[in-house]
Amino acid sequence: MVEEEAKLDSKSKPMPNENLRFGERVLSAGGAAFISAVVVNPLDVVKTRLQAQAAGVPYQGSCRLGCFESNSTVVQDLRSKSPGMCRITGSASVCSDNQYKGTLDVFYKIIRQEGFSRLWRGTNASLALAIPTVGIYMPCYDYFRNSMEVFTVEKSPALTPYVPLVAGTIARSLAVISCYPVELARTRMQAFKGTQRDVKLPGVWKTLVDVINPIKGSTNGQNYRMLWTGLGAQLARDVPFSAICWSILEPTRRSILSFMGEKPRAGSIIAANFTAGFVAGAVAAAATCPLDVAKTRRQIEKNADRAMNMTTRQTLAEIWRDGGMRGMFSGAGARVGRAGPSVAIVVSFYEVVKYGLHHFHQQ
């Protein structure tokens, strides 16, 4: 009986090193975000390209706009405003040859047509996004989780298992809202393809300027709302993702550490967090893939009026109408392949750095 109570107590306790300052937590999270963003960026590019293709984004090069059937005004906008972007030539078979057929095919065609370095397209935006986002997300999650666990253990123990879900939801919402415009820029940078290797593509700042001012001389106060296009879809994706992820990750890593039965060391902390993070990230990514497709489609929409009036529900209905179940899970393989390692790297690096700082303070 005593042993069972001890096991339950160990699973409800927060991770060690809770005396760290907020700045130290931010430093740990920033380092984790940097490594993760660089490692998984190619899969992020692949996922975004597949989703953009499903939305009807045409290719720059030899293709036919007629090959793309979509209600999205991305195609209409490119057809009317940028007629030189895509040559309306070639047969259906030529267009088919230029279409992406899957995750590995995207890798192959990006490397062959655009160059190996284009797999890291948008990495600067990813870093500009990931470091502050994770720097807000992880420390806030720690703070909310610890505060809520102290309260629920004393007042309502039955609610303690739900603390990671609530803490993750609140922390992720704060992080997304704070850094959203950079996320918008990153998606647009990764979605559109360029075949001219020597031409420098727009960076984060130029992409955001183009969002605000799609037509030269048209800037007004209303246009700045475009920087938040798709925020609802982003929250609709990230809040459930975070809730699912932490609901799996937290008990899993504690169970692994409890199973190891030793005082936590750097090696066991990395192993437990990496394993739990990989599983939790992959499951959460698969479950929220349709919402990720909707987010991408809203963020690459170039018609200002349509972008401002679209809702996530309407976007999901459009995706289902255009592509059915396959459309709803466009880029699912790349998304799951990206999210598992990404969450694993971030969580394990974050926790082991906290562990190191904790022991440094104890010396």
# chains A, B, ... in the order shown; residues from 1 in each chain; ligands from 1
$ residues_around --residues "A:Gly135" --least-positions-apart "4" --cutoff "12 Å" --atoms "only C-alpha atoms" --output "PyMOL selection string"
chain A and resi 22-34+127-131+139-142+171-172+174-176+178-179+346+350
$ write_last_selection --atoms "C-alpha atoms" --output "JSON list (two decimals), in the first residue's frame"
[["chain", "number", "residue", "atom", "x", "y", "z"],
["A", 22, "PHE", "CA", 12.31, 32.43, -15.42],
["A", 23, "GLY", "CA", 15.22, 33.80, -17.48],
["A", 24, "GLU", "CA", 17.09, 30.51, -17.15],
["A", 25, "ARG", "CA", 14.04, 28.62, -18.34],
["A", 26, "VAL", "CA", 13.77, 30.96, -21.34],
["A", 27, "LEU", "CA", 17.45, 30.34, -22.13],
["A", 28, "SER", "CA", 16.93, 26.57, -21.98],
["A", 29, "ALA", "CA", 13.85, 26.78, -24.18],
["A", 30, "GLY", "CA", 15.57, 29.08, -26.71],
["A", 31, "GLY", "CA", 18.46, 26.65, -27.14],
["A", 32, "ALA", "CA", 16.04, 23.76, -27.60],
["A", 33, "ALA", "CA", 14.04, 25.72, -30.19],
["A", 34, "PHE", "CA", 17.18, 26.63, -32.16],
["A", 127, "LEU", "CA", 14.35, 30.60, -35.83],
["A", 128, "ALA", "CA", 12.78, 34.04, -35.43],
["A", 129, "LEU", "CA", 9.53, 32.26, -34.57],
["A", 130, "ALA", "CA", 10.70, 29.22, -32.61],
["A", 131, "ILE", "CA", 13.07, 30.92, -30.17],
["A", 139, "PRO", "CA", 8.54, 28.37, -19.14],
["A", 140, "CYS", "CA", 4.86, 29.39, -19.02],
["A", 141, "TYR", "CA", 3.85, 25.74, -19.21],
["A", 142, "ASP", "CA", 6.18, 24.95, -16.30],
["A", 171, "ALA", "CA", 0.78, 28.48, -22.49],
["A", 172, "ARG", "CA", 0.46, 27.65, -26.18],
["A", 174, "LEU", "CA", -0.06, 32.97, -25.23],
["A", 175, "ALA", "CA", 2.91, 31.93, -27.36],
["A", 176, "VAL", "CA", 0.93, 31.74, -30.63],
["A", 178, "SER", "CA", 2.53, 36.82, -29.29],
["A", 179, "CYS", "CA", 4.49, 35.63, -32.35],
["A", 346, "VAL", "CA", 12.74, 20.51, -27.59],
["A", 350, "TYR", "CA", 14.97, 21.86, -22.33]]
$ closest_residue --among "A:Pro290, A:Pro161, A:Pro264, A:Gly56" --to "A:Ala191" --atoms "only C-alpha atoms"
A:Gly56
$ atom_distance --atom1 "atom CA of A:Val293" --atom2 "atom CA of A:Ser348"
27.7 Å
$ closest_residue --among "A:Gln314, A:Ser330, A:Asn213, A:Asn309" --to "A:Ala286" --atoms "only C-alpha atoms"
A:Ser330
$ select_by_dssp --residues "stretch 125-271 of chain A" --states "alpha helix (DSSP H)" --output "PyMOL selection string"
chain A and resi 125-155+163-191+204-212+231-260+266-271
$ closest_residue --among "A:Gln51, A:Asn41, A:Ser268, A:Asn146" --to "A:Leu119" --atoms "only C-alpha atoms"
A:Asn41
$ residues_around --residues "A:Met328" --least-positions-apart "2" --cutoff "12 Å" --atoms "only C-alpha atoms" --output "PyMOL selection string"
chain A and resi 50-51+54-55+286-297+315-326+330-332
$ write_last_selection --atoms "C-alpha atoms" --output "PDB file, in the first residue's frame"
ATOM      1  CA  LEU A  50       2.178  19.326 -50.195  1.00  0.00           C
ATOM      2  CA  GLN A  51      -0.545  21.324 -48.480  1.00  0.00           C
ATOM      3  CA  ALA A  54      -3.561  20.651 -52.522  1.00  0.00           C
ATOM      4  CA  ALA A  55      -4.777  24.251 -52.185  1.00  0.00           C
ATOM      5  CA  ALA A 286      -1.671  13.083 -36.707  1.00  0.00           C
ATOM      6  CA  ALA A 287      -4.805  13.998 -34.770  1.00  0.00           C
ATOM      7  CA  THR A 288      -4.644  17.698 -35.718  1.00  0.00           C
ATOM      8  CA  CYS A 289      -3.501  17.343 -39.352  1.00  0.00           C
ATOM      9  CA  PRO A 290      -6.794  18.609 -40.909  1.00  0.00           C
ATOM     10  CA  LEU A 291      -6.513  21.758 -38.797  1.00  0.00           C
ATOM     11  CA  ASP A 292      -2.934  22.206 -39.975  1.00  0.00           C
ATOM     12  CA  VAL A 293      -4.070  21.966 -43.609  1.00  0.00           C
ATOM     13  CA  ALA A 294      -6.724  24.613 -42.906  1.00  0.00           C
ATOM     14  CA  LYS A 295      -4.147  26.858 -41.260  1.00  0.00           C
ATOM     15  CA  THR A 296      -1.810  26.615 -44.252  1.00  0.00           C
ATOM     16  CA  ARG A 297      -4.589  27.317 -46.736  1.00  0.00           C
ATOM     17  CA  THR A 315     -11.898  26.349 -44.927  1.00  0.00           C
ATOM     18  CA  LEU A 316     -12.259  22.791 -43.651  1.00  0.00           C
ATOM     19  CA  ALA A 317     -15.485  22.397 -45.641  1.00  0.00           C
ATOM     20  CA  GLU A 318     -13.707  23.654 -48.769  1.00  0.00           C
ATOM     21  CA  ILE A 319     -10.804  21.257 -48.232  1.00  0.00           C
ATOM     22  CA  TRP A 320     -13.225  18.345 -47.821  1.00  0.00           C
ATOM     23  CA  ARG A 321     -15.141  19.352 -50.943  1.00  0.00           C
ATOM     24  CA  ASP A 322     -11.976  19.690 -53.037  1.00  0.00           C
ATOM     25  CA  GLY A 323      -9.988  16.705 -51.813  1.00  0.00           C
ATOM     26  CA  GLY A 324     -12.029  14.601 -49.398  1.00  0.00           C
ATOM     27  CA  MET A 325     -10.156  12.664 -46.718  1.00  0.00           C
ATOM     28  CA  ARG A 326      -6.951  12.761 -48.733  1.00  0.00           C
ATOM     29  CA  SER A 330      -2.286  16.457 -47.096  1.00  0.00           C
ATOM     30  CA  GLY A 331       1.301  16.318 -45.891  1.00  0.00           C
ATOM     31  CA  ALA A 332       0.383  14.114 -42.923  1.00  0.00           C
TER      32      ALA A 332
END
$ residues_around --residues "A:Arg225" --least-positions-apart "4" --cutoff "12 Å" --atoms "only C-alpha atoms" --output "NGL selection string"
:A and (180-181 or 208 or 211-213 or 219-221 or 229-231 or 304-305 or 307-309)
$ write_last_selection --atoms "N, CA, C and O atoms" --output "mmCIF file, in the first residue's frame"
data_model
loop_
_atom_site.group_PDB
_atom_site.id
_atom_site.type_symbol
_atom_site.label_atom_id
_atom_site.label_comp_id
_atom_site.auth_asym_id
_atom_site.auth_seq_id
_atom_site.Cartn_x
_atom_site.Cartn_y
_atom_site.Cartn_z
ATOM 1 N N TYR A 180 2.547 35.494 -33.835
ATOM 2 C CA TYR A 180 1.856 35.003 -35.022
ATOM 3 C C TYR A 180 2.341 35.568 -36.360
ATOM 4 O O TYR A 180 2.476 34.812 -37.332
ATOM 5 N N PRO A 181 2.591 36.876 -36.497
ATOM 6 C CA PRO A 181 2.990 37.386 -37.823
ATOM 7 C C PRO A 181 4.215 36.679 -38.419
ATOM 8 O O PRO A 181 4.288 36.485 -39.637
ATOM 9 N N LEU A 208 6.387 39.957 -45.058
ATOM 10 C CA LEU A 208 5.369 40.632 -44.251
ATOM 11 C C LEU A 208 4.922 41.939 -44.899
ATOM 12 O O LEU A 208 3.739 42.296 -44.845
ATOM 13 N N VAL A 211 2.473 41.086 -47.462
ATOM 14 C CA VAL A 211 1.179 40.733 -46.869
ATOM 15 C C VAL A 211 0.366 42.000 -46.606
ATOM 16 O O VAL A 211 -0.830 42.072 -46.906
ATOM 17 N N ILE A 212 1.039 43.017 -46.055
ATOM 18 C CA ILE A 212 0.358 44.271 -45.725
ATOM 19 C C ILE A 212 0.019 45.065 -46.973
ATOM 20 O O ILE A 212 -1.034 45.685 -47.078
ATOM 21 N N ASN A 213 0.927 45.037 -47.951
ATOM 22 C CA ASN A 213 0.813 45.881 -49.131
ATOM 23 C C ASN A 213 0.895 45.038 -50.399
ATOM 24 O O ASN A 213 1.888 45.098 -51.117
ATOM 25 N N THR A 219 -1.407 50.645 -49.178
ATOM 26 C CA THR A 219 -1.299 50.460 -47.735
ATOM 27 C C THR A 219 -2.277 51.356 -46.990
ATOM 28 O O THR A 219 -2.389 52.542 -47.271
ATOM 29 N N ASN A 220 -2.991 50.793 -46.055
ATOM 30 C CA ASN A 220 -3.824 51.576 -45.139
ATOM 31 C C ASN A 220 -3.908 50.810 -43.831
ATOM 32 O O ASN A 220 -3.423 49.693 -43.710
ATOM 33 N N GLY A 221 -4.535 51.442 -42.840
ATOM 34 C CA GLY A 221 -4.598 50.824 -41.529
ATOM 35 C C GLY A 221 -5.266 49.468 -41.538
ATOM 36 O O GLY A 221 -4.888 48.570 -40.789
ATOM 37 N N THR A 229 -3.984 37.196 -40.383
ATOM 38 C CA THR A 229 -4.791 36.280 -41.186
ATOM 39 C C THR A 229 -4.521 34.829 -40.782
ATOM 40 O O THR A 229 -3.382 34.393 -40.767
ATOM 41 N N GLY A 230 -5.571 34.108 -40.455
ATOM 42 C CA GLY A 230 -5.417 32.701 -40.100
ATOM 43 C C GLY A 230 -5.071 32.445 -38.651
ATOM 44 O O GLY A 230 -4.787 31.305 -38.273
ATOM 45 N N LEU A 231 -5.097 33.505 -37.804
ATOM 46 C CA LEU A 231 -4.784 33.301 -36.388
ATOM 47 C C LEU A 231 -5.758 32.311 -35.749
ATOM 48 O O LEU A 231 -5.360 31.460 -34.950
ATOM 49 N N ALA A 304 -7.240 39.640 -50.285
ATOM 50 C CA ALA A 304 -7.404 40.264 -48.969
ATOM 51 C C ALA A 304 -8.828 40.124 -48.435
ATOM 52 O O ALA A 304 -9.029 39.794 -47.257
ATOM 53 N N ASP A 305 -9.827 40.377 -49.288
ATOM 54 C CA ASP A 305 -11.216 40.297 -48.825
ATOM 55 C C ASP A 305 -11.576 38.879 -48.398
ATOM 56 O O ASP A 305 -12.205 38.669 -47.363
ATOM 57 N N ALA A 307 -9.458 36.521 -47.499
ATOM 58 C CA ALA A 307 -8.654 36.141 -46.334
ATOM 59 C C ALA A 307 -9.267 36.664 -45.040
ATOM 60 O O ALA A 307 -9.265 35.973 -44.011
ATOM 61 N N MET A 308 -9.793 37.893 -45.076
ATOM 62 C CA MET A 308 -10.355 38.483 -43.870
ATOM 63 C C MET A 308 -11.702 37.860 -43.491
ATOM 64 O O MET A 308 -12.092 37.883 -42.323
ATOM 65 N N ASN A 309 -12.422 37.324 -44.482
ATOM 66 C CA ASN A 309 -13.763 36.799 -44.220
ATOM 67 C C ASN A 309 -13.817 35.290 -44.048
ATOM 68 O O ASN A 309 -14.848 34.745 -43.655
#
$ residues_around --residues "A:Pro42" --least-positions-apart "3" --cutoff "7 Å" --atoms "only C-alpha atoms" --output "PyMOL selection string"
chain A and resi 45-46+119-120
$ closest_residue --among "A:Arg298, A:Tyr355, A:Gly333, A:Ser342" --to "A:Gly267" --atoms "only C-alpha atoms"
A:Tyr355
